[in-house]
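Dumped model_16.txt below, it's compact mmCIF, C-alpha atoms:
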```
# COMPACT_ATOMS: atom_id res chain seq x y z
CA MET A 15 99.66 157.45 99.70
CA ALA A 16 96.31 155.72 100.20
CA GLU A 17 93.28 157.86 100.93
CA LYS A 18 92.47 157.99 104.63
CA GLN A 19 89.29 156.22 105.69
CA LYS A 20 86.92 158.81 107.13
CA ILE A 21 85.14 157.84 110.36
CA LEU A 22 82.06 159.27 112.02
CA VAL A 23 81.82 158.49 115.76
CA VAL A 24 78.30 158.26 117.19
CA ASP A 25 77.56 157.84 120.90
CA ASP A 26 75.39 159.78 123.35
CA SER A 27 78.22 159.69 125.89
CA SER A 28 80.85 162.36 125.33
CA LEU A 29 83.31 160.16 127.24
CA MET A 30 82.76 157.26 124.84
CA ARG A 31 83.17 159.56 121.83
CA THR A 32 86.45 160.76 123.32
CA ILE A 33 87.66 157.20 124.01
CA ILE A 34 86.84 156.00 120.48
CA THR A 35 88.27 159.13 118.82
CA THR A 36 91.50 158.91 120.82
CA MET A 37 91.97 155.25 119.91
CA VAL A 38 91.12 155.79 116.22
CA LYS A 39 93.54 158.73 115.90
CA LYS A 40 96.44 156.37 116.63
CA ASN A 41 95.84 154.73 113.25
CA ASP A 42 97.30 156.89 110.46
CA ALA A 43 95.02 155.28 107.90
CA LEU A 44 91.93 156.64 109.64
CA GLU A 45 90.55 160.15 110.11
CA VAL A 46 87.70 161.12 112.43
CA VAL A 47 85.55 163.59 110.49
CA GLY A 48 82.77 164.09 113.00
CA GLN A 49 81.10 163.11 116.25
CA ALA A 50 77.37 162.82 116.89
CA SER A 51 75.50 162.41 120.17
CA ASP A 52 72.27 160.96 118.75
CA GLY A 53 70.96 159.21 115.66
CA GLU A 54 69.44 162.33 114.15
CA MET A 55 72.72 164.22 114.34
CA ALA A 56 74.52 161.15 112.98
CA ILE A 57 72.36 161.10 109.85
CA GLN A 58 72.88 164.83 109.33
CA LEU A 59 76.67 164.57 109.73
CA PHE A 60 76.74 161.49 107.51
CA LYS A 61 75.11 163.48 104.70
CA GLU A 62 77.59 166.33 105.17
CA GLN A 63 80.82 164.35 105.63
CA SER A 64 80.23 161.12 103.64
CA PRO A 65 82.39 158.97 105.95
CA HIS A 66 83.52 155.50 104.87
CA ILE A 67 83.05 154.09 108.39
CA VAL A 68 80.58 154.84 111.20
CA THR A 69 80.89 153.63 114.80
CA MET A 70 77.32 153.56 116.10
CA ASP A 71 75.94 153.33 119.64
CA ILE A 72 72.45 151.83 120.02
CA THR A 73 70.73 153.42 123.01
CA MET A 74 70.54 157.12 122.18
CA PRO A 75 67.96 159.91 122.34
CA LYS A 76 65.86 161.19 119.41
CA VAL A 77 66.76 158.50 116.85
CA ASP A 78 68.29 155.28 118.20
CA GLY A 79 71.28 153.54 116.67
CA LEU A 80 69.40 150.80 114.83
CA ALA A 81 67.14 153.33 113.10
CA ALA A 82 70.17 155.45 112.24
CA VAL A 83 71.97 152.42 110.75
CA LYS A 84 68.96 151.70 108.52
CA GLU A 85 68.76 155.32 107.38
CA ILE A 86 72.49 155.56 106.63
CA MET A 87 72.36 152.32 104.63
CA LYS A 88 69.53 153.81 102.55
CA ILE A 89 71.74 156.83 101.79
CA ASN A 90 74.87 154.78 101.02
CA PRO A 91 74.68 150.97 101.20
CA ASN A 92 78.49 150.73 100.92
CA THR A 93 79.00 152.34 104.31
CA LYS A 94 80.82 150.17 106.83
CA ILE A 95 79.04 150.46 110.16
CA LEU A 96 80.44 149.12 113.41
CA VAL A 97 77.84 148.97 116.15
CA VAL A 98 79.47 149.66 119.53
CA THR A 99 77.05 148.98 122.34
CA ALA A 100 76.71 147.88 125.95
CA GLN A 101 73.87 145.61 124.80
CA ASN A 102 76.39 142.98 123.76
CA ASP A 103 73.99 140.04 123.54
CA GLU A 104 73.41 137.82 120.53
CA ALA A 105 69.88 139.10 119.87
CA MET A 106 71.12 142.68 119.58
CA ALA A 107 74.01 141.62 117.35
CA ILE A 108 71.55 139.93 114.98
CA ARG A 109 69.29 143.01 114.96
CA ALA A 110 72.29 145.23 114.19
CA MET A 111 73.43 143.02 111.32
CA LYS A 112 69.89 142.83 109.91
CA ALA A 113 69.73 146.64 110.01
CA GLY A 114 72.88 146.75 107.88
CA ALA A 115 75.80 146.91 110.31
CA MET A 116 78.95 145.09 109.21
CA GLY A 117 80.51 144.69 112.66
CA PHE A 118 79.49 144.50 116.30
CA LEU A 119 81.59 145.38 119.33
CA GLY A 120 80.42 145.16 122.93
CA LYS A 121 81.26 147.70 125.62
CA PRO A 122 83.48 147.78 127.54
CA PHE A 123 86.20 147.38 124.92
CA ASN A 124 89.89 148.17 124.72
CA GLU A 125 92.14 149.62 122.05
CA GLN A 126 93.03 146.20 120.67
CA THR A 127 89.44 144.98 120.32
CA LEU A 128 88.35 148.26 118.69
CA SER A 129 91.31 148.16 116.33
CA GLU A 130 90.55 144.55 115.36
CA ALA A 131 86.88 145.37 114.82
CA ILE A 132 87.77 148.25 112.49
CA LYS A 133 90.31 146.09 110.65
CA GLY A 134 87.51 143.56 110.17
CA LEU A 135 85.43 146.21 108.43
CA LEU A 136 88.26 147.13 106.09
CA ALA A 137 89.28 143.56 105.19
CA MET B 20 64.47 138.00 144.91
CA MET B 21 67.70 138.09 142.96
CA GLN B 22 69.53 134.82 142.67
CA GLU B 23 73.28 134.30 143.07
CA LYS B 24 73.80 134.31 139.28
CA ASP B 25 71.86 137.59 138.97
CA ILE B 26 74.06 139.18 141.61
CA GLN B 27 77.24 137.89 139.96
CA THR B 28 76.10 139.42 136.66
CA PHE B 29 76.15 142.92 138.14
CA ILE B 30 79.39 142.39 140.09
CA LYS B 31 81.09 141.15 136.92
CA GLY B 32 79.67 144.05 134.90
CA VAL B 33 81.15 146.67 137.22
CA GLN B 34 84.48 144.84 137.46
CA GLU B 35 84.79 144.59 133.68
CA TYR B 36 84.06 148.29 133.20
CA PHE B 37 86.78 149.32 135.62
CA ARG B 38 89.21 146.70 134.30
CA GLU B 39 88.94 148.03 130.73
CA TYR B 40 88.81 151.77 131.38
CA ALA B 41 90.09 152.51 134.86
CA GLY B 42 93.40 150.71 134.77
CA GLU B 43 92.52 148.42 137.64
CA GLU B 44 89.55 146.44 138.81
CA ALA B 45 87.14 147.92 141.31
CA ARG B 46 86.29 145.90 144.39
CA VAL B 47 82.58 145.13 144.36
CA GLU B 48 81.13 143.82 147.59
CA ILE B 49 78.21 141.46 148.10
CA PRO B 50 75.07 143.61 147.99
CA TYR B 51 72.85 144.45 150.89
CA VAL B 52 69.11 144.72 150.60
CA LYS B 53 67.35 148.02 151.02
CA GLY B 54 63.77 149.26 150.87
CA SER B 55 62.52 151.65 148.20
CA ASP B 56 64.35 154.66 149.70
CA ARG B 57 67.43 155.69 147.76
CA VAL B 58 71.17 155.78 148.27
CA LEU B 59 72.35 158.82 146.31
CA LEU B 60 75.80 160.44 146.24
CA ASP B 61 76.91 163.52 144.25
CA TYR B 62 76.31 162.19 140.73
CA THR B 63 73.94 159.50 139.54
CA GLY B 64 73.34 157.79 136.21
CA ALA B 65 70.07 155.86 136.13
CA ILE B 66 68.71 153.40 133.57
CA GLY B 67 65.04 152.49 133.44
CA ILE B 68 64.26 148.80 132.97
CA SER B 69 61.21 147.68 131.02
CA GLY B 70 60.00 144.60 129.20
CA GLU B 71 59.65 141.44 131.26
CA ARG B 72 61.04 143.33 134.27
CA LYS B 73 60.30 146.80 135.54
CA GLY B 74 62.45 149.07 137.66
CA CYS B 75 65.78 150.79 137.57
CA VAL B 76 69.53 150.27 137.75
CA TYR B 77 71.63 153.22 138.85
CA PHE B 78 75.25 154.05 139.57
CA THR B 79 75.95 156.77 142.11
CA ALA B 80 79.33 158.16 143.12
CA SER B 81 81.10 161.13 144.65
CA GLY B 82 82.34 163.90 142.40
CA GLU B 83 85.89 163.15 143.56
CA MET B 84 85.69 159.56 142.35
CA LEU B 85 84.20 160.42 138.97
CA ASP B 86 86.70 163.24 138.47
CA ALA B 87 89.58 160.83 139.19
CA LEU B 88 88.09 158.26 136.82
CA PHE B 89 87.45 160.84 134.09
CA ARG B 90 91.00 162.20 134.31
CA HIS B 91 92.44 158.68 134.28
CA ILE B 92 90.53 157.72 131.13
CA THR B 93 90.88 160.96 129.16
CA LYS B 94 94.25 162.16 130.53
CA ALA B 95 92.54 165.58 130.85
CA GLU B 96 93.66 167.93 133.59
CA GLY B 97 90.17 168.58 134.89
CA SER B 98 86.49 167.83 134.41
CA THR B 99 83.16 169.65 134.26
CA PRO B 100 79.93 168.65 136.04
CA ASN B 101 78.61 167.49 132.66
CA ASP B 102 81.63 165.20 132.25
CA LEU B 103 80.93 163.66 135.65
CA LYS B 104 77.22 163.17 134.95
CA ASP B 105 78.11 161.62 131.59
CA ILE B 106 80.55 159.09 133.03
CA GLY B 107 78.05 158.04 135.71
CA GLY B 108 75.43 157.51 133.03
CA GLU B 109 77.79 155.50 130.86
CA ILE B 110 78.74 153.17 133.71
CA ALA B 111 75.05 152.54 134.46
CA ASN B 112 74.37 152.03 130.75
CA THR B 113 77.25 149.58 130.30
CA VAL B 114 76.46 147.48 133.35
CA SER B 115 72.73 147.38 132.51
CA GLY B 116 73.31 146.66 128.84
CA ASN B 117 75.74 143.85 129.63
CA ALA B 118 73.13 142.31 131.94
CA ARG B 119 70.98 141.48 128.89
CA LYS B 120 73.32 138.55 128.23
CA HIS B 121 72.09 137.04 131.49
CA PHE B 122 68.48 138.29 131.67
CA GLY B 123 67.71 138.02 127.95
CA ASP B 124 66.70 140.52 125.30
CA ALA B 125 63.37 141.26 127.01
CA PHE B 126 65.47 143.09 129.60
CA MET B 127 65.06 146.47 127.94
CA ILE B 128 67.08 149.50 128.96
CA SER B 129 66.39 153.22 128.60
CA ILE B 130 68.80 155.98 127.75
CA PRO B 131 70.56 157.21 130.91
CA MET B 132 68.97 159.80 133.16
CA LEU B 133 71.73 161.94 134.62
CA LEU B 134 71.47 163.64 137.99
CA ASN B 135 73.75 165.63 140.19
CA GLY B 136 72.68 165.80 143.78
CA ASP B 137 69.00 166.62 143.44
CA ALA B 138 67.15 163.49 144.57
CA SER B 139 63.76 165.10 143.85
CA LYS B 140 64.44 164.73 140.12
CA PHE B 141 64.90 160.98 140.45
CA ASP B 142 61.60 159.76 139.08
CA PHE B 143 62.20 156.11 138.26
CA ASP B 144 59.98 153.52 139.90
CA MET B 145 62.24 151.37 142.03
CA ALA B 146 61.12 147.92 143.10
CA SER B 147 60.05 147.60 146.73
CA VAL B 148 63.38 145.88 147.40
CA SER B 149 66.68 147.12 145.98
CA TYR B 150 70.13 145.58 146.07
CA VAL B 151 72.95 147.97 146.88
CA PHE B 152 76.40 146.92 145.64
CA PRO B 153 79.19 148.87 147.39
CA ILE B 154 82.11 149.62 145.05
CA GLN B 155 85.64 150.63 146.04
CA TRP B 156 88.17 152.03 143.60
CA ARG B 157 91.42 153.72 144.59
CA GLY B 158 89.99 154.56 148.01
CA TYR B 159 86.81 156.09 146.60
CA LYS B 160 83.37 154.68 147.27
CA ALA B 161 80.42 154.34 144.90
CA PHE B 162 77.27 152.24 144.72
CA LEU B 163 75.44 150.31 142.04
CA VAL B 164 71.78 150.03 143.00
CA VAL B 165 69.60 147.42 141.31
CA GLY B 166 65.87 147.48 141.88
CA PHE B 167 63.55 145.70 139.48
CA GLU B 168 60.87 143.07 139.62
CA ASN B 169 58.85 140.99 137.17
CA ALA B 170 56.43 143.17 135.19
```
Exercise: express the given structure as structure tokens:
Amino acid sequence: MAEKQKILVVDDSSLMRTIITTMVKKNDALEVVGQASDGEMAIQLFKEQSPHIVTMDITMPKVDGLAAVKEIMKINPNTKILVVTAQNDEAMAIRAMKAGAMGFLGKPFNEQTLSEAIKGLLA
Amino acid sequence: MMQEKDIQTFIKGVQEYFREYAGEEARVEIPYVKGSDRVLLDYTGAIGISGERKGCVYFTASGEMLDALFRHITKAEGSTPNDLKDIGGEIANTVSGNARKHFGDAFMISIPMLLNGDASKFDFDMASVSYVFPIQWRGYKAFLVVGFENA
């Protein structure tokens, strides 16, 4: 049996963390190993849990999502980061990709679009 | 003054949020114009706007509406005041963030400020004129209030 892909879910909204976690748990190949409500906590949990995938919000307190993406990529450049943000404009997508994100998903999203975005990371 | 396309941006933003998460679209009415005084219900999520424009976008709703929305999305049996503040903030964040597609990337948004009830803690600078968008969902009423001007 293939190793499950570990996911860290990062969003300052507890509702959004719940939505993403609930959707991800429906995929047997994935395992949510942690949730963080800001970029600082995300970096800490990343060091502790070494997830393969991170879903990352942008607008968050303490350390924002773009800074957290850059920091995580310094720790492990093979990490697959999906930025999930309400700022779903082209300029933000480019900034996210330049920071090291591999995928970009705008809010609001549904189960299908999240699933496809994660599949895109794993392809 | 907001133009028709500006107004449609916010109407569409609210409708899309409810379509994706609430099971059915909310009805968003044409906004009315208000002075700098505030329309505030039980819970409010407010986003500060900076960059080329300055002001605030906030979503305000009754606890009953947010509780119904929270339980619909999470399938939980109940909610806490923090859950209700959080969902109000996320709606304001999503609608404001989506508006960058229309207003451009110099439309910069803050993290949400979350309030329940206490209007004295609302310390964003609203523009002298605000646009109040009445929202109806499953018989509940809420408002999106948009008040910003060129910096």
Quiz item: Do you know which residues are at most 10 Å from region 163-169 of chain B counting only C-alpha atoms, after dropping those on the same chain fewer than 4 positions away, and could you put them as an MDAnalysis selection string?
Solution: chainID B and resid 20:21 26 29:30 33 47 50:55 57:59 63:80 110:111 114:115 144:154
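Straight-line separation from CA of Asp25 (chain A) to CA of Lys39 (chain A): 16.8 Å.
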Self-check item: Point-to-point distance in Å for CA of Ala81 (chain A) and CA of Val38 (chain A)
Solution: 24.3 Å
Quiz prompt | Neighbours of chain B in chain A at 12 Å, counting all atoms listed in the file, as a count of residues only | solution = 45
Quiz prompt | Coordinates-based distance that separates CA of Leu85 (chain B) from CA of Tyr159 (chain B) (Å, one decimal) | solution =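 So the two atoms, CA of Tyr159 (chain B) and CA of Leu85 (chain B), lie 9.2 Å apart.
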Quiz item: Need the neighbours of (90.2, 157.7, 98.7): which residues are at most 12 Å away, counting all atoms listed in the file, as a ChimeraX atom specification?
Solution: /A:15-20,43-45,64-66
Exercise. Rank nothing, just name the residue among B:Gly42, B:Gly136, B:Gly97, B:Gly158 nearest to Leu60 (chain B), using all atoms listed in the file.
Key: B:Gly136
Quiz prompt | Residues within 7 Å of (70.9, 147.3, 113.8), counting all atoms listed in the file, listed as number ranges by chain | solution = A: 79-80, 83, 109-115
Produce a file of the selected residues containing C-alpha atoms, as a PDB file, in the frame of the given file.
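The result, stored in again.pdb:
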```pdb
ATOM      1  CA  GLY A  79      71.280 153.540 116.670  1.00  0.00           C
ATOM      2  CA  LEU A  80      69.400 150.800 114.830  1.00  0.00           C
ATOM      3  CA  VAL A  83      71.970 152.420 110.750  1.00  0.00           C
ATOM      4  CA  ARG A 109      69.290 143.010 114.960  1.00  0.00           C
ATOM      5  CA  ALA A 110      72.290 145.230 114.190  1.00  0.00           C
ATOM      6  CA  MET A 111      73.430 143.020 111.320  1.00  0.00           C
ATOM      7  CA  LYS A 112      69.890 142.830 109.910  1.00  0.00           C
ATOM      8  CA  ALA A 113      69.730 146.640 110.010  1.00  0.00           C
ATOM      9  CA  GLY A 114      72.880 146.750 107.880  1.00  0.00           C
ATOM     10  CA  ALA A 115      75.800 146.910 110.310  1.00  0.00           C
TER      11      ALA A 115
END
```
Please reconstruct the missing atoms of region 55-69 of chain B (target: N, CA, C and O atoms) and return them as a PDB file, keeping the file's coordinate frame.
```pdb
ATOM      1  N   SER B  55      62.635 150.823 149.400  1.00  0.00           N
ATOM      2  CA  SER B  55      62.520 151.650 148.200  1.00  0.00           C
ATOM      3  C   SER B  55      63.161 153.034 148.359  1.00  0.00           C
ATOM      4  O   SER B  55      63.220 153.801 147.400  1.00  0.00           O
ATOM      5  N   ASP B  56      63.639 153.386 149.555  1.00  0.00           N
ATOM      6  CA  ASP B  56      64.350 154.660 149.700  1.00  0.00           C
ATOM      7  C   ASP B  56      65.702 154.563 148.987  1.00  0.00           C
ATOM      8  O   ASP B  56      66.190 153.469 148.719  1.00  0.00           O
ATOM      9  N   ARG B  57      66.293 155.715 148.680  1.00  0.00           N
ATOM     10  CA  ARG B  57      67.430 155.690 147.760  1.00  0.00           C
ATOM     11  C   ARG B  57      68.755 156.064 148.411  1.00  0.00           C
ATOM     12  O   ARG B  57      68.802 156.916 149.278  1.00  0.00           O
ATOM     13  N   VAL B  58      69.796 155.419 147.902  1.00  0.00           N
ATOM     14  CA  VAL B  58      71.170 155.780 148.270  1.00  0.00           C
ATOM     15  C   VAL B  58      71.662 156.668 147.133  1.00  0.00           C
ATOM     16  O   VAL B  58      71.774 156.196 145.999  1.00  0.00           O
ATOM     17  N   LEU B  59      71.896 157.935 147.393  1.00  0.00           N
ATOM     18  CA  LEU B  59      72.350 158.820 146.310  1.00  0.00           C
ATOM     19  C   LEU B  59      73.545 159.638 146.763  1.00  0.00           C
ATOM     20  O   LEU B  59      73.500 160.300 147.801  1.00  0.00           O
ATOM     21  N   LEU B  60      74.625 159.608 145.976  1.00  0.00           N
ATOM     22  CA  LEU B  60      75.800 160.440 146.240  1.00  0.00           C
ATOM     23  C   LEU B  60      75.749 161.648 145.287  1.00  0.00           C
ATOM     24  O   LEU B  60      74.672 162.017 144.814  1.00  0.00           O
ATOM     25  N   ASP B  61      76.905 162.247 144.997  1.00  0.00           N
ATOM     26  CA  ASP B  61      76.910 163.520 144.250  1.00  0.00           C
ATOM     27  C   ASP B  61      76.335 163.407 142.835  1.00  0.00           C
ATOM     28  O   ASP B  61      75.603 164.284 142.374  1.00  0.00           O
ATOM     29  N   TYR B  62      76.725 162.351 142.137  1.00  0.00           N
ATOM     30  CA  TYR B  62      76.310 162.190 140.730  1.00  0.00           C
ATOM     31  C   TYR B  62      75.718 160.799 140.521  1.00  0.00           C
ATOM     32  O   TYR B  62      76.254 159.806 141.027  1.00  0.00           O
ATOM     33  N   THR B  63      74.647 160.766 139.742  1.00  0.00           N
ATOM     34  CA  THR B  63      73.940 159.500 139.540  1.00  0.00           C
ATOM     35  C   THR B  63      73.563 159.337 138.067  1.00  0.00           C
ATOM     36  O   THR B  63      73.058 160.275 137.446  1.00  0.00           O
ATOM     37  N   GLY B  64      73.824 158.156 137.545  1.00  0.00           N
ATOM     38  CA  GLY B  64      73.340 157.790 136.210  1.00  0.00           C
ATOM     39  C   GLY B  64      72.351 156.659 136.379  1.00  0.00           C
ATOM     40  O   GLY B  64      72.691 155.628 136.974  1.00  0.00           O
ATOM     41  N   ALA B  65      71.131 156.850 135.891  1.00  0.00           N
ATOM     42  CA  ALA B  65      70.070 155.860 136.130  1.00  0.00           C
ATOM     43  C   ALA B  65      69.513 155.351 134.803  1.00  0.00           C
ATOM     44  O   ALA B  65      69.314 156.115 133.855  1.00  0.00           O
ATOM     45  N   ILE B  66      69.261 154.059 134.769  1.00  0.00           N
ATOM     46  CA  ILE B  66      68.710 153.400 133.570  1.00  0.00           C
ATOM     47  C   ILE B  66      67.373 152.775 133.953  1.00  0.00           C
ATOM     48  O   ILE B  66      67.295 151.988 134.902  1.00  0.00           O
ATOM     49  N   GLY B  67      66.341 153.112 133.214  1.00  0.00           N
ATOM     50  CA  GLY B  67      65.040 152.490 133.440  1.00  0.00           C
ATOM     51  C   GLY B  67      65.003 151.108 132.794  1.00  0.00           C
ATOM     52  O   GLY B  67      65.540 150.908 131.705  1.00  0.00           O
ATOM     53  N   ILE B  68      64.395 150.166 133.493  1.00  0.00           N
ATOM     54  CA  ILE B  68      64.260 148.800 132.970  1.00  0.00           C
ATOM     55  C   ILE B  68      62.802 148.559 132.623  1.00  0.00           C
ATOM     56  O   ILE B  68      61.902 148.838 133.431  1.00  0.00           O
ATOM     57  N   SER B  69      62.568 148.025 131.428  1.00  0.00           N
ATOM     58  CA  SER B  69      61.210 147.680 131.020  1.00  0.00           C
ATOM     59  C   SER B  69      61.240 146.347 130.285  1.00  0.00           C
ATOM     60  O   SER B  69      62.288 145.743 130.135  1.00  0.00           O
TER      61      SER B  69
END
```
